[in-house]
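Trainee: Can you read through this structure? Questions will come right after.
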Amino acid sequence: MTAKSRSAKFYSENKASRDKKQAYDKKLNSKPEQVKKRVEANKKNRDAGKYGNGDGKDYDHATNRFVSESKNRGRKGEGGRKKK
């Protein structure tokens with residue numbers, strides 16, 4: 001098992017903060033635009049035969065291709081893409 005990140009340690013030790021974050025995440029992930037992104041990504045994964053195979057790749061809606069989970073989830077802002 002890998003070591004917990006700094007934020008994972010924080011939330012495991014602070015119930016009030018963990019509850020607040022869970023409430024925020026639940027609200028965010030139920031928004032129609034987030035649901036649409038998730039549905040699109042899941043469909044792309046299924047169509048490519050990658051859904052649930054543990055290859056460590058995510059469909060990136062910002063670049064429209066498969067990238068590593070850490071790269072896709074680690075970007076800041078709107079998909080991490082720079083605005084022109």
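Numbering starts fresh at 1 for the residues of each chain in the structure tokens, the chains themselves are lettered A, B, ... in the order given, and ligands are numbered from 1 as they appear.
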DSSP on the backbone, strand (DSSP E or B) only: what residues of chain A does that give? Format it as a PyMOL selection string.

Mentor: chain A and resi 57-60+65-68

Trainee: Next, the residues of the selection above should be written as a compact mmCIF listing (two decimals), in the first residue's frame with C-alpha atoms.

Mentor:
# COMPACT_ATOMS: atom_id res chain seq x y z
CA LYS A 57 -5.66 5.82 -18.05
CA ASP A 58 -8.52 8.32 -18.02
CA TYR A 59 -10.36 9.88 -20.93
CA ASP A 60 -9.46 13.57 -20.88
CA ARG A 65 -7.63 11.50 -25.68
CA PHE A 66 -6.55 8.98 -23.06
CA VAL A 67 -3.93 10.17 -20.59
CA SER A 68 -2.56 8.92 -17.28

Trainee: Please, which residues of chain A, numbered as in this document, come out alpha helix (DSSP H) from DSSP, as a ChimeraX atom specification?

Mentor: /A:6-13,15-29,32-47,69-73

Trainee: Measure the distance from CA of Val39 in chain A to CA of His61 in chain A in Å and round it to one decimal.

Mentor: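 Atom-to-atom, CA of Val39 in chain A and CA of His61 in chain A are spaced 10.9 Å apart.
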
Trainee: Provide the CA of Asn64 in chain A to CA of Glu33 in chain A distance in Å, to one decimal place.

Mentor: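 CA of Glu33 in chain A lies at a distance of 16.5 Å from CA of Asn64 in chain A.
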